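A short write-up of the structure that comes next.
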Amino acid sequence: MPRIAYVNGRYVKHSDAMVHVEDRGYQFADGVYEVCEVRHGLIVDLTRHLDRLNRSLGELRIAWPMSRAALIHVIRETLRRNHVRYGLFNLQVTRGVARRDHVFPAPGTPSSIVVTAKSTDPSIIAKKNANGIKAITVRDNRWDRVDIKSVGLLSNALARQQAKEAGAQEAIYIDHNGMVKEGAATNVWIVDSDGNLVTRPAEHGILRGITRTTLIDVAAKLELPIVERFFSVEEMMAAREVFITAATSICFPVVAIDGETIANGHPGSVSQKIREAFFDVAEKTAI
């Protein structure tokens with residue numbers, strides 16, 4: 001069956017889905033997005049994703065394209081029409097369509113919205129968890145407001161391409177002081193020499209990942225100590241474990257960075273415990 005997308009009030013074939021040439025998302029990357037996992041036919045952490053969408057829209061002064069309740073209905077319907085039980089949905093909201101001009105369009109210009117959904121193969125995720133992934137480090141050259149989940153992802157795309165060309169799966173941004181920030185599409189964690197779970201504070205300079213937030217709840221349930229603090233590349237390279245978190249992967253162990261082996265070169269026990277407990281702790285919304 002053909003994939004179905006929701007575009008500005010209509011469910012259409014994915015292959016026929018289009019946005020206007022003067023949509024500000026296309027012209028200026030003037031929009032925000034969210035990606036949310038679906039597992040066992042249940043949407044994972046939907047409330048937190050929509051809360052973050054609300055924050056991103058507010059920070060950029062973009063109006064909601066519809067009520068929250070209506071958006072939840074659209075998300076569910078898009079997932080149903082695409083028969084997704086394991087996979088994800090992606091929603092994108094832009095400031096809308098207007099004559100190309102850097103300043104905001106006239107008040108009342110409706111926001112644009114696109115919702116897509118697709119199935120994924122859980123065995124691919126399982127293989128990466130079993131084997132671990134490789135990463136590289138890159139200097140952070142993004143704009144200052146990376147706490148907003150903006151569609152402006154050119155730097156991230158270039159970093160991911162650099163990682164791919166190096167035989168790795170993720171690029172980890174490093175700030176001008178040599179401290180670890182986050183991955184191109186993930187948050188970064190280490191298990192330090194004292195056995196603490198460590199991640200950079202999310203008040204400024206990184207995105208407050210939804211999986212990151214739920215992982216803190218998971219760690220509390222497992223009675224794992226968590227510290228939110230800055231840590232250096234050197235500390236990361238010497239850590240007991242390094243792993244990355246994101247909605248589409250939950251928790252991937254990192255076994256090598258910049259060609260150097262992390263710990264014993266195999267996925268660690270802490271990330272495995274977190275991954276196994278995650279779904280039980282996360283919010284689950286029926287489609």
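Identifiers in this document derive from the order of the structure tokens: chains are assigned A, B, ..., residues are numbered from 1 separately in each chain, and ligands are numbered from 1 in order of occurrence.
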* From the DSSP assignment of the backbone, select every residue of region 220-272 of chain A that is alpha helix (DSSP H), and format the answer as a list of chain:residue names. =>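 Reading the DSSP output for region 220-272 of chain A, alpha helix (DSSP H) covers A:Ala220, A:Lys221, A:Leu222, A:Val233, A:Glu234, A:Glu235, A:Met236, A:Met237, A:Ser269, A:Val270, A:Ser271, A:Gln272.
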Output all heavy atoms of each residue in that selection to a file, as an mmCIF file, in the first residue's frame.
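The file below, selection-v1.cif, is the result:
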data_model
loop_
_atom_site.group_PDB
_atom_site.id
_atom_site.type_symbol
_atom_site.label_atom_id
_atom_site.label_comp_id
_atom_site.auth_asym_id
_atom_site.auth_seq_id
_atom_site.Cartn_x
_atom_site.Cartn_y
_atom_site.Cartn_z
ATOM 1 N N ALA A 220 16.578 6.843 37.607
ATOM 2 C CA ALA A 220 16.074 6.960 38.982
ATOM 3 C C ALA A 220 15.415 5.651 39.425
ATOM 4 O O ALA A 220 15.616 5.188 40.551
ATOM 5 C CB ALA A 220 15.090 8.114 39.079
ATOM 6 N N LYS A 221 14.635 5.047 38.523
ATOM 7 C CA LYS A 221 13.991 3.770 38.844
ATOM 8 C C LYS A 221 15.024 2.680 39.083
ATOM 9 O O LYS A 221 14.864 1.830 39.966
ATOM 10 C CB LYS A 221 13.049 3.361 37.717
ATOM 11 C CG LYS A 221 12.316 2.052 37.985
ATOM 12 C CD LYS A 221 11.363 1.690 36.862
ATOM 13 C CE LYS A 221 10.657 0.367 37.162
ATOM 14 N NZ LYS A 221 9.724 -0.003 36.066
ATOM 15 N N LEU A 222 16.096 2.697 38.310
ATOM 16 C CA LEU A 222 17.153 1.691 38.445
ATOM 17 C C LEU A 222 18.162 2.050 39.535
ATOM 18 O O LEU A 222 19.118 1.292 39.761
ATOM 19 C CB LEU A 222 17.881 1.526 37.115
ATOM 20 C CG LEU A 222 17.056 1.010 35.931
ATOM 21 C CD1 LEU A 222 17.899 1.009 34.661
ATOM 22 C CD2 LEU A 222 16.501 -0.375 36.217
ATOM 23 N N VAL A 233 36.551 15.974 26.089
ATOM 24 C CA VAL A 233 36.815 14.885 25.155
ATOM 25 C C VAL A 233 37.710 13.837 25.817
ATOM 26 O O VAL A 233 37.482 12.633 25.675
ATOM 27 C CB VAL A 233 37.490 15.420 23.875
ATOM 28 C CG1 VAL A 233 37.885 14.269 22.958
ATOM 29 C CG2 VAL A 233 36.575 16.379 23.144
ATOM 30 N N GLU A 234 38.715 14.298 26.566
ATOM 31 C CA GLU A 234 39.630 13.369 27.221
ATOM 32 C C GLU A 234 38.894 12.472 28.212
ATOM 33 O O GLU A 234 39.159 11.257 28.274
ATOM 34 C CB GLU A 234 40.741 14.147 27.937
ATOM 35 C CG GLU A 234 41.721 14.846 27.019
ATOM 36 C CD GLU A 234 41.145 16.101 26.359
ATOM 37 O OE1 GLU A 234 40.128 16.645 26.863
ATOM 38 O OE2 GLU A 234 41.700 16.524 25.327
ATOM 39 N N GLU A 235 37.961 13.049 28.979
ATOM 40 C CA GLU A 235 37.200 12.229 29.925
ATOM 41 C C GLU A 235 36.298 11.252 29.184
ATOM 42 O O GLU A 235 36.139 10.100 29.601
ATOM 43 C CB GLU A 235 36.376 13.108 30.861
ATOM 44 C CG GLU A 235 35.663 12.298 31.935
ATOM 45 C CD GLU A 235 34.864 13.137 32.917
ATOM 46 O OE1 GLU A 235 34.728 14.358 32.702
ATOM 47 O OE2 GLU A 235 34.362 12.554 33.897
ATOM 48 N N MET A 236 35.708 11.702 28.089
ATOM 49 C CA MET A 236 34.870 10.808 27.301
ATOM 50 C C MET A 236 35.677 9.624 26.776
ATOM 51 O O MET A 236 35.224 8.469 26.836
ATOM 52 C CB MET A 236 34.229 11.568 26.133
ATOM 53 C CG MET A 236 33.386 10.710 25.208
ATOM 54 S SD MET A 236 32.507 11.668 23.946
ATOM 55 C CE MET A 236 33.877 12.307 22.956
ATOM 56 N N MET A 237 36.864 9.886 26.277
ATOM 57 C CA MET A 237 37.677 8.818 25.713
ATOM 58 C C MET A 237 38.108 7.813 26.778
ATOM 59 O O MET A 237 38.355 6.639 26.473
ATOM 60 C CB MET A 237 38.910 9.401 25.019
ATOM 61 C CG MET A 237 38.592 10.360 23.876
ATOM 62 S SD MET A 237 37.593 9.648 22.566
ATOM 63 C CE MET A 237 38.739 8.484 21.849
ATOM 64 N N SER A 269 27.287 -2.561 30.254
ATOM 65 C CA SER A 269 26.117 -3.072 30.964
ATOM 66 C C SER A 269 25.128 -1.983 31.349
ATOM 67 O O SER A 269 23.921 -2.228 31.423
ATOM 68 C CB SER A 269 26.565 -3.817 32.227
ATOM 69 O OG SER A 269 27.284 -2.951 33.097
ATOM 70 N N VAL A 270 25.616 -0.769 31.604
ATOM 71 C CA VAL A 270 24.709 0.306 32.034
ATOM 72 C C VAL A 270 23.753 0.684 30.910
ATOM 73 O O VAL A 270 22.538 0.786 31.123
ATOM 74 C CB VAL A 270 25.509 1.536 32.510
ATOM 75 C CG1 VAL A 270 24.561 2.699 32.808
ATOM 76 C CG2 VAL A 270 26.313 1.192 33.754
ATOM 77 N N SER A 271 24.292 0.882 29.711
ATOM 78 C CA SER A 271 23.408 1.235 28.595
ATOM 79 C C SER A 271 22.413 0.110 28.310
ATOM 80 O O SER A 271 21.265 0.358 27.943
ATOM 81 C CB SER A 271 24.224 1.554 27.340
ATOM 82 O OG SER A 271 25.000 0.447 26.927
ATOM 83 N N GLN A 272 22.837 -1.125 28.500
ATOM 84 C CA GLN A 272 21.924 -2.257 28.281
ATOM 85 C C GLN A 272 20.786 -2.236 29.294
ATOM 86 O O GLN A 272 19.618 -2.431 28.940
ATOM 87 C CB GLN A 272 22.681 -3.578 28.381
ATOM 88 C CG GLN A 272 21.796 -4.799 28.161
ATOM 89 C CD GLN A 272 22.563 -6.111 28.267
ATOM 90 O OE1 GLN A 272 23.783 -6.115 28.358
ATOM 91 N NE2 GLN A 272 21.845 -7.208 28.268
#
As a compact mmCIF listing (two decimals) with N, CA and C atoms, in the first residue's frame, please: the residues near Gly205 (chain A) (cut-off 8 Å, only C-alpha atoms, same-chain neighbours under 4 positions excluded).
# COMPACT_ATOMS: atom_id res chain seq x y z
N ASP A 144 23.49 29.67 17.91
CA ASP A 144 23.50 29.58 19.37
C ASP A 144 22.25 28.92 19.93
N ARG A 145 21.13 28.96 19.21
CA ARG A 145 19.86 28.49 19.77
C ARG A 145 19.56 27.03 19.39
N VAL A 146 20.51 26.15 19.63
CA VAL A 146 20.27 24.74 19.32
C VAL A 146 19.30 24.09 20.31
N ASP A 147 18.90 24.85 21.34
CA ASP A 147 17.87 24.34 22.26
C ASP A 147 16.49 24.34 21.60
N LYS A 181 29.50 18.46 23.68
CA LYS A 181 28.17 19.06 23.67
C LYS A 181 27.10 17.99 23.43
* Asked: In terms of the shortest atom-to-atom distance over only C-alpha atoms, which of A:Arg85, A:Arg24, A:Leu57, A:His204 is closest to Arg99 (chain A)?
  -> A:Arg24
* Close residues, Trp143 (chain A) itself excluded, 12 Å, only C-alpha atoms, min 6 positions apart in chain, as a list in words ->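 Answer for this query is Lys149, Ser150, Gly152, Leu153, Leu154, Ser155, Asn156, His204, Gly205 and Ile206 of chain A.
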* Would you mind listing what lies within 12 Å of region 37-41 of chain A as a PyMOL selection string, with only C-alpha atoms counted and same-chain residues fewer than 2 positions away left out? => chain A and resi 34-35+43-46+49+75-76+79-80+82-91+117-122+210-211+246-250+278-280+282-287
Please, could you write that set of residues out with C-alpha atoms as a compact mmCIF listing (two decimals), in the first residue's frame?
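Output saved as out.txt:
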# COMPACT_ATOMS: atom_id res chain seq x y z
CA GLU A 34 9.52 16.63 16.13
CA VAL A 35 10.27 12.94 15.58
CA ILE A 43 3.46 6.24 20.57
CA VAL A 44 6.38 6.77 22.96
CA ASP A 45 6.54 9.96 25.07
CA LEU A 46 3.97 11.86 23.00
CA HIS A 49 7.31 15.70 22.41
CA ILE A 75 -0.79 11.99 14.18
CA ARG A 76 -2.84 8.94 15.07
CA LEU A 79 0.07 6.34 11.69
CA ARG A 80 -3.08 4.27 11.13
CA ASN A 82 0.49 3.94 7.15
CA HIS A 83 -0.06 0.80 9.29
CA VAL A 84 2.86 1.67 11.57
CA ARG A 85 3.44 -0.60 14.55
CA TYR A 86 7.21 -0.19 14.75
CA GLY A 87 8.57 3.04 13.35
CA LEU A 88 8.18 6.76 13.75
CA PHE A 89 6.28 9.85 12.78
CA ASN A 90 7.82 13.16 11.78
CA LEU A 91 5.92 16.44 12.02
CA ALA A 117 5.05 8.25 9.20
CA LYS A 118 7.03 5.17 8.29
CA SER A 119 7.72 1.69 9.56
CA THR A 120 11.22 0.63 10.57
CA ASP A 121 12.86 -2.72 11.14
CA PRO A 122 13.49 -3.29 14.88
CA ILE A 210 12.96 13.79 25.11
CA THR A 211 14.70 10.43 25.35
CA ALA A 246 17.55 9.71 20.60
CA ALA A 247 13.87 8.97 20.04
CA THR A 248 14.50 6.68 17.08
CA SER A 249 17.27 4.65 18.69
CA ILE A 250 16.73 5.02 22.47
CA PHE A 278 13.15 2.31 28.96
CA PHE A 279 9.86 1.26 27.39
CA ASP A 280 8.35 0.30 30.74
CA ALA A 282 8.22 5.90 29.05
CA GLU A 283 4.74 7.24 28.43
CA LYS A 284 2.80 5.11 25.93
CA THR A 285 -0.15 6.45 23.90
CA ALA A 286 -2.38 4.15 21.89
CA ILE A 287 -2.76 4.83 18.20
* Asked: Looking only at the backbone, which of the residues in region 10-251 of chain A does DSSP tag as strand (DSSP E), as a PyMOL selection string?
  -> chain A and resi 10-13+31-39+42-44+87-94+112-119+133-139+170-174+180-183+187-191+197-199+226-228+241-246+250-251
* Structure fact -> One residue among A:Ile113, A:Ala29, A:Val74, A:Ala106 is nearest to Asn8 (chain A) when using only C-alpha atoms, and that residue is A:Ile113
If we count only C-alpha atoms, what is near Ile216 (chain A) at a cut-off of 12 Å, once residues fewer than 5 positions away on the same chain are taken out, given as a compact mmCIF listing (two decimals) with C-alpha atoms, in the first residue's frame?
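Output file out_14.txt follows:
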# COMPACT_ATOMS: atom_id res chain seq x y z
CA TRP A 189 26.27 10.26 27.90
CA LEU A 197 25.89 8.59 34.50
CA VAL A 198 27.04 11.97 33.18
CA THR A 199 25.48 14.22 30.55
CA ARG A 208 16.90 18.88 25.73
CA GLY A 209 16.23 15.49 24.20
CA ILE A 210 12.96 13.79 25.11
CA THR A 211 14.70 10.43 25.35
CA LYS A 221 13.99 3.77 38.84
CA LEU A 222 17.15 1.69 38.45
CA GLU A 223 18.85 3.70 41.23
CA LEU A 224 21.67 4.75 38.94
CA PRO A 225 23.45 7.97 39.98
CA ILE A 226 23.14 10.81 37.45
CA VAL A 227 25.26 13.95 37.26
CA GLU A 228 24.52 16.80 34.82
CA THR A 245 20.28 8.69 23.03
CA ILE A 274 18.70 1.47 30.57
CA ALA A 277 13.92 -0.67 31.19
CA PHE A 278 13.15 2.31 28.96
CA VAL A 281 9.03 3.79 32.13
CA ALA A 282 8.22 5.90 29.05
Can you pull out every residue within 8 Å of Val254 (chain A), counting only C-alpha atoms, but drop anything in the same chain fewer than 2 positions away, and send it as a compact mmCIF listing (two decimals) with N, CA and C atoms, in the first residue's frame?
# COMPACT_ATOMS: atom_id res chain seq x y z
N GLY A 132 27.28 -2.08 19.00
CA GLY A 132 27.76 -0.73 19.25
C GLY A 132 28.01 0.02 17.96
N ILE A 133 28.20 1.33 18.06
CA ILE A 133 28.45 2.16 16.89
C ILE A 133 29.75 2.93 17.07
N LYS A 134 30.20 3.54 15.98
CA LYS A 134 31.39 4.37 15.99
C LYS A 134 31.00 5.83 15.82
N ALA A 135 31.81 6.73 16.36
CA ALA A 135 31.54 8.16 16.25
C ALA A 135 32.84 8.90 15.95
N GLU A 241 31.93 3.78 29.87
CA GLU A 241 30.98 3.60 28.76
C GLU A 241 30.68 4.96 28.15
N VAL A 242 30.39 4.96 26.85
CA VAL A 242 29.84 6.11 26.15
C VAL A 242 28.62 5.62 25.39
N PHE A 243 27.53 6.37 25.47
CA PHE A 243 26.37 6.02 24.64
C PHE A 243 25.63 7.28 24.25
N ILE A 244 24.83 7.15 23.21
CA ILE A 244 24.04 8.28 22.70
C ILE A 244 22.57 7.91 22.77
N PHE A 252 22.15 3.94 22.02
CA PHE A 252 23.17 3.21 21.26
C PHE A 252 24.51 3.30 21.99
N ALA A 256 33.75 3.15 19.71
CA ALA A 256 34.98 3.77 19.20
C ALA A 256 34.68 5.21 18.81
N ILE A 257 35.63 6.11 19.09
CA ILE A 257 35.50 7.52 18.73
C ILE A 257 36.81 7.97 18.09
N ILE A 262 36.76 2.65 22.87
CA ILE A 262 36.23 3.07 24.17
C ILE A 262 36.16 1.86 25.09
N PRO A 267 29.75 -3.01 23.87
CA PRO A 267 28.68 -2.31 24.61
C PRO A 267 28.73 -2.62 26.09
* For CA of Ile190 (chain A) and CA of Arg240 (chain A), the interatomic separation in Å (one decimal) -> 7.3 Å
* A:Leu71, A:Val103, A:Val218, A:Ile62 ranked by distance to Gly9 (chain A), top pick (using only C-alpha atoms) ->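 Distance minimum relative to Gly9 (chain A) lands on A:Leu71.
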* Quick one, how far is CA of Val191 (chain A) from CA of Ala239 (chain A)? ->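 We find that CA of Val191 (chain A) and CA of Ala239 (chain A) lie 5.9 Å from each other.
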* Considering only C-alpha atoms, return as a PyMOL selection string whatever protein or nucleic-acid residues lie within 12 Å of Tyr26 (chain A), sequence-local ones (same chain, fewer than 2 positions apart) excluded. => chain A and resi 18-24+28-32+92-98+100+112+151-152
Could you turn the residues from that selection into a file that holds C-alpha atoms, as a short mmCIF file (atom, residue, chain, number, x, y, z; two decimals), in the first residue's frame?
data_model
loop_
_atom_site.label_atom_id
_atom_site.label_comp_id
_atom_site.auth_asym_id
_atom_site.auth_seq_id
_atom_site.Cartn_x
_atom_site.Cartn_y
_atom_site.Cartn_z
CA MET A 18 3.97 18.96 -1.90
CA VAL A 19 4.47 22.30 -0.17
CA HIS A 20 4.37 25.75 -1.74
CA VAL A 21 7.59 27.10 -3.27
CA GLU A 22 7.33 30.15 -0.98
CA ASP A 23 6.78 28.20 2.21
CA ARG A 24 9.12 29.81 4.73
CA PHE A 28 14.44 30.30 5.36
CA ALA A 29 14.36 27.05 7.41
CA ASP A 30 11.75 29.02 9.36
CA GLY A 31 10.13 26.12 11.15
CA VAL A 32 10.41 23.42 13.79
CA GLN A 92 7.10 19.80 10.74
CA VAL A 93 5.50 23.19 11.34
CA THR A 94 6.64 26.32 9.49
CA ARG A 95 5.63 29.97 9.62
CA GLY A 96 3.62 29.40 6.46
CA VAL A 97 3.48 30.65 2.88
CA ALA A 98 4.20 34.29 2.07
CA ARG A 100 9.75 36.01 0.12
CA SER A 112 2.04 25.11 7.48
CA VAL A 151 14.51 22.51 10.79
CA GLY A 152 17.78 24.37 10.09
#
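One distance worth recording is that between CA of Val180 (chain A) and CA of Arg200 (chain A), which is 7.5 Å.
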